[in-house]
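Notes for the one structure printed next.
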Amino acid sequence: MSESKEHSFSQLGLPKELIKSLEDQKLPTPYPIQIQGIPVVLKGQDVLGIAQTGSGKTISYVLPILANLQGNINPKNRFVNVLVLVPTRELAVQIEKVFQRFEHTLSGDIKTRAVFGGVSINPQMKSMSGVNILVATPGRLLDLLDSNALHLSEIDTLVLDEADKMLNLGFKEELDRILGLLPKKRQNLLYSATLSEDVNNIGRNFLHEPTIIKIESKKENIDLINQTAYSVENEKKGPLLRYLIKKSDGKQFLVFTSSVRSADVVESKLLKNGIDAMSIHSKKSQGARMDALDRLKRGDIQVLVATDLLSRGIDIQFLPYVVNYELPRSPKDYIHRIGRTGRAENRGDAISFVTKEDRHHFKVIQKKAGTWVDLIESEKMDF
């Protein structure tokens, strides 16, 4: 999404403390969803935002929520003011960090916490003391409510972020139960990459005369990506991958597989062959997942093996290689995968492994994605 040259955050009605923090963090120019959304949220109105990941939507609600909360903090302990519901642990952690980047700049003791499954609930229960803004996955939130660790009767603002993904992951029953526990009078903000029938139905149930903000989908810039595909037998994928990694002069790779099992197998074989690699998928603990991503960003490992479920949480400014070890199901996922490289004006390489069984599917992907890649016969290669 291109930045607007005609607006600044200072024009949107935010407190001067937040404006200064934005300037200190070198974020002087708002994105379109921020220009449209911040004034509406500041007024306490409901929002239906249709925007892709990377559009700037998190800051579009974080800043006005913090501004509205200043001077209106609920004094009751364990009675949360703001609830942000998200589908995954990774997104919960990201949003928590954004709130924490700005909360300290305002007067009053504003405290944000993220809670999610896959880790012990006891530390999270203890950390609920004094929390004003809670970022949560639905299942873990219900666990905490069942344990009387917090209360939702004082919620002023509800945010549903990536609502489409929440519904796709089967959280509808949990969402219905949570919505039934909230006070009827509150501000509601719903964000989704798509406006599916299910998302529309949920929106109709709790949004009150919302302002609709629709940001056109951000297209991955694949002009900077050199796409290559290898025709390869399934049992030769491992040796081909190791050959490509070893001839890259130590450059980093993000390798996509279609399942948790495949990710673990690829990681294991790379490690056995002396290549520093880690896998990241839904069966890993939160700590392990964050550590793997941080280690790739720091350059401590050469290869990260990931599944599609977690690919949207991976945003690395300079990543030389992406490999489709196994092809994705859809052209949209293909474009998203290869778009992890070729970022910030840096060129990148996207490599796909195509078996005989994959050839028709790969043609469909190319046709729908509007991109054509010649197949290189790996049988003629010496690896």
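The way I read the labels, and the way they are meant: chains A, B, ... in the order of the structure tokens, residue 1 as the first residue of every chain, and ligand 1 as the first ligand shown, with later ones counted on from there.
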For segment 244-252 of chain A: contacts at 9 Å, only C-alpha atoms, fewer than 6 positions along chain excluded, given as a VMD selection string: chain A and resid 275 296 299 301 to 304 319 to 322 383
Take the residues that were just selected and, keeping N, CA and C atoms, output them as a PDB file, in the first residue's frame.
ATOM      1  N   ILE A 275      23.270 -28.308   7.922  1.00  0.00           N
ATOM      2  CA  ILE A 275      22.674 -27.013   7.573  1.00  0.00           C
ATOM      3  C   ILE A 275      21.844 -26.522   8.755  1.00  0.00           C
ATOM      4  N   LEU A 296      16.088 -16.429  12.612  1.00  0.00           N
ATOM      5  CA  LEU A 296      16.247 -16.216  11.177  1.00  0.00           C
ATOM      6  C   LEU A 296      16.491 -14.732  10.901  1.00  0.00           C
ATOM      7  N   GLY A 299      19.934 -13.787  11.614  1.00  0.00           N
ATOM      8  CA  GLY A 299      20.935 -14.460  10.813  1.00  0.00           C
ATOM      9  C   GLY A 299      21.614 -15.610  11.532  1.00  0.00           C
ATOM     10  N   ILE A 301      20.335 -18.621  11.933  1.00  0.00           N
ATOM     11  CA  ILE A 301      20.097 -19.858  11.189  1.00  0.00           C
ATOM     12  C   ILE A 301      19.981 -19.511   9.708  1.00  0.00           C
ATOM     13  N   GLN A 302      20.249 -20.499   8.860  1.00  0.00           N
ATOM     14  CA  GLN A 302      20.205 -20.248   7.418  1.00  0.00           C
ATOM     15  C   GLN A 302      18.846 -20.565   6.822  1.00  0.00           C
ATOM     16  N   VAL A 303      18.129 -21.517   7.428  1.00  0.00           N
ATOM     17  CA  VAL A 303      16.879 -21.986   6.824  1.00  0.00           C
ATOM     18  C   VAL A 303      15.758 -22.043   7.855  1.00  0.00           C
ATOM     19  N   LEU A 304      14.604 -21.492   7.485  1.00  0.00           N
ATOM     20  CA  LEU A 304      13.385 -21.640   8.274  1.00  0.00           C
ATOM     21  C   LEU A 304      12.395 -22.416   7.429  1.00  0.00           C
ATOM     22  N   LEU A 319      15.126 -11.213   2.461  1.00  0.00           N
ATOM     23  CA  LEU A 319      15.167 -12.668   2.451  1.00  0.00           C
ATOM     24  C   LEU A 319      15.470 -13.110   1.022  1.00  0.00           C
ATOM     25  N   PRO A 320      16.670 -13.649   0.786  1.00  0.00           N
ATOM     26  CA  PRO A 320      17.079 -13.938  -0.599  1.00  0.00           C
ATOM     27  C   PRO A 320      16.269 -15.019  -1.303  1.00  0.00           C
ATOM     28  N   TYR A 321      15.906 -16.110  -0.560  1.00  0.00           N
ATOM     29  CA  TYR A 321      15.293 -17.255  -1.224  1.00  0.00           C
ATOM     30  C   TYR A 321      14.013 -17.732  -0.522  1.00  0.00           C
ATOM     31  N   VAL A 322      13.006 -18.045  -1.350  1.00  0.00           N
ATOM     32  CA  VAL A 322      11.820 -18.762  -0.889  1.00  0.00           C
ATOM     33  C   VAL A 322      11.707 -20.022  -1.734  1.00  0.00           C
ATOM     34  N   PHE A 383      23.627 -33.380  -8.556  1.00  0.00           N
ATOM     35  CA  PHE A 383      23.536 -33.022  -7.128  1.00  0.00           C
ATOM     36  C   PHE A 383      23.383 -34.269  -6.272  1.00  0.00           C
TER      37      PHE A 383
END
Within 10 Å of segment 101-116 of chain A using only C-alpha atoms, minus same-chain residues under 5 positions, as a PyMOL selection string: chain A and resi 15-22+25+59+62-63+66-67+69-73+80+82-96+121+123-125+127-141+143-144+286
Atom CA of Tyr31 of chain A to atom CA of Arg337 of chain A, straight-line distance in Å: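 Between atom CA of Arg337 of chain A and atom CA of Tyr31 of chain A the gap is 23.6 Å.
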Any idea what's packed within 8 Å of Ser258 of chain A, counting only C-alpha atoms, ignoring anything in its chain fewer than 4 positions away? Could you give it as an mmCIF file with C-alpha atoms, in the first residue's frame?
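Output file out28.cif follows:
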data_model
loop_
_atom_site.group_PDB
_atom_site.id
_atom_site.type_symbol
_atom_site.label_atom_id
_atom_site.label_comp_id
_atom_site.auth_asym_id
_atom_site.auth_seq_id
_atom_site.Cartn_x
_atom_site.Cartn_y
_atom_site.Cartn_z
ATOM 1 C CA SER A 262 6.815 -32.474 6.170
ATOM 2 C CA ALA A 263 8.219 -29.403 7.912
ATOM 3 C CA THR A 307 3.678 -24.228 6.918
ATOM 4 C CA ASP A 308 1.106 -21.937 5.280
ATOM 5 C CA GLU A 326 5.524 -28.605 -1.703
ATOM 6 C CA LEU A 327 3.136 -26.515 -3.777
ATOM 7 C CA PRO A 328 0.407 -24.523 -2.060
#
Gap from atom CA of Gln36 of chain A to atom CA of Arg204 of chain A - Å, one decimal: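 Rounded to one decimal, the two atoms are 21.2 Å apart.
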Selected residue, from A:Thr58, A:Gln100, A:Thr355, A:Ser10, that lies nearest to Lys236 of chain A when counting only C-alpha atoms: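 Checking each candidate against Lys236 of chain A, we get A:Thr355 as the closest.
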Distance criterion (only C-alpha atoms): nearest to Glu233 of chain A out of A:Lys26, A:Lys367, A:Lys356, A:Lys284: A:Lys356
Test item, alpha helix (DSSP H) assignment across segment 157-265 of chain A, answer as a ChimeraX atom specification: /A:163-168,172-179,197-206,237-246,260-265
Counting only C-alpha atoms, the residue of A:Leu27, A:Leu167, A:Leu254, A:Ile35 that sits nearest Leu12 of chain A: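 For Leu12 of chain A, the nearest of the candidates is A:Ile35.
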Those in segment 80-301 of chain A with strand (DSSP E or B) from DSSP, as a PyMOL selection string: chain A and resi 82-85+112-115+133-136+151+157-160+187-192+211-214+225-231+253-257+277-280
Prev. selection, C-alpha atoms, output as an mmCIF file, in the first residue's frame:
data_model
loop_
_atom_site.group_PDB
_atom_site.id
_atom_site.type_symbol
_atom_site.label_atom_id
_atom_site.label_comp_id
_atom_site.auth_asym_id
_atom_site.auth_seq_id
_atom_site.Cartn_x
_atom_site.Cartn_y
_atom_site.Cartn_z
ATOM 1 C CA VAL A 82 -10.589 -3.058 25.679
ATOM 2 C CA LEU A 83 -10.746 -6.560 24.196
ATOM 3 C CA VAL A 84 -8.966 -7.469 20.949
ATOM 4 C CA LEU A 85 -9.798 -10.945 19.636
ATOM 5 C CA THR A 112 -1.679 -4.303 27.660
ATOM 6 C CA ARG A 113 -1.351 -8.081 27.778
ATOM 7 C CA ALA A 114 -1.631 -10.847 25.164
ATOM 8 C CA VAL A 115 -2.960 -14.299 26.106
ATOM 9 C CA ILE A 133 -6.220 -3.809 27.085
ATOM 10 C CA LEU A 134 -6.398 -7.556 26.498
ATOM 11 C CA VAL A 135 -5.355 -9.173 23.213
ATOM 12 C CA ALA A 136 -6.576 -12.762 23.174
ATOM 13 C CA HIS A 151 -14.219 -9.969 33.782
ATOM 14 C CA THR A 157 -14.298 -1.366 22.959
ATOM 15 C CA LEU A 158 -14.258 -4.714 21.161
ATOM 16 C CA VAL A 159 -11.940 -5.418 18.223
ATOM 17 C CA LEU A 160 -12.246 -8.494 16.027
ATOM 18 C CA GLN A 187 -17.731 0.388 20.465
ATOM 19 C CA ASN A 188 -17.178 -2.420 17.945
ATOM 20 C CA LEU A 189 -14.377 -2.644 15.381
ATOM 21 C CA LEU A 190 -14.320 -5.544 12.929
ATOM 22 C CA TYR A 191 -11.440 -6.100 10.508
ATOM 23 C CA SER A 192 -11.241 -8.786 7.856
ATOM 24 C CA THR A 211 -18.413 3.208 8.974
ATOM 25 C CA ILE A 212 -17.252 0.882 6.193
ATOM 26 C CA ILE A 213 -13.612 1.227 5.200
ATOM 27 C CA LYS A 214 -12.443 -0.856 2.265
ATOM 28 C CA ILE A 225 11.326 -11.868 -7.825
ATOM 29 C CA ASN A 226 13.125 -14.287 -10.100
ATOM 30 C CA GLN A 227 10.849 -17.342 -10.323
ATOM 31 C CA THR A 228 12.308 -20.766 -11.024
ATOM 32 C CA ALA A 229 10.738 -24.232 -11.037
ATOM 33 C CA TYR A 230 12.395 -27.631 -11.012
ATOM 34 C CA SER A 231 10.826 -30.823 -12.254
ATOM 35 C CA PHE A 253 16.072 -19.602 2.792
ATOM 36 C CA LEU A 254 12.396 -19.782 3.758
ATOM 37 C CA VAL A 255 11.065 -23.213 2.792
ATOM 38 C CA PHE A 256 7.322 -23.902 2.606
ATOM 39 C CA THR A 257 5.787 -27.337 3.156
ATOM 40 C CA ALA A 277 17.615 -25.012 10.145
ATOM 41 C CA MET A 278 14.506 -24.706 12.296
ATOM 42 C CA SER A 279 10.841 -25.404 11.601
ATOM 43 C CA ILE A 280 7.872 -23.279 12.585
#
Coordinates-based distance that separates atom CA of Arg261 of chain A from atom CA of Val354 of chain A (Å, one decimal):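 So the answer is 19.0 Å.
Distance check against Leu152 of chain A using only C-alpha atoms: of A:Ala51, A:Ile215, A:Ile65, A:Ile178, the minimum falls on A:Ile178.
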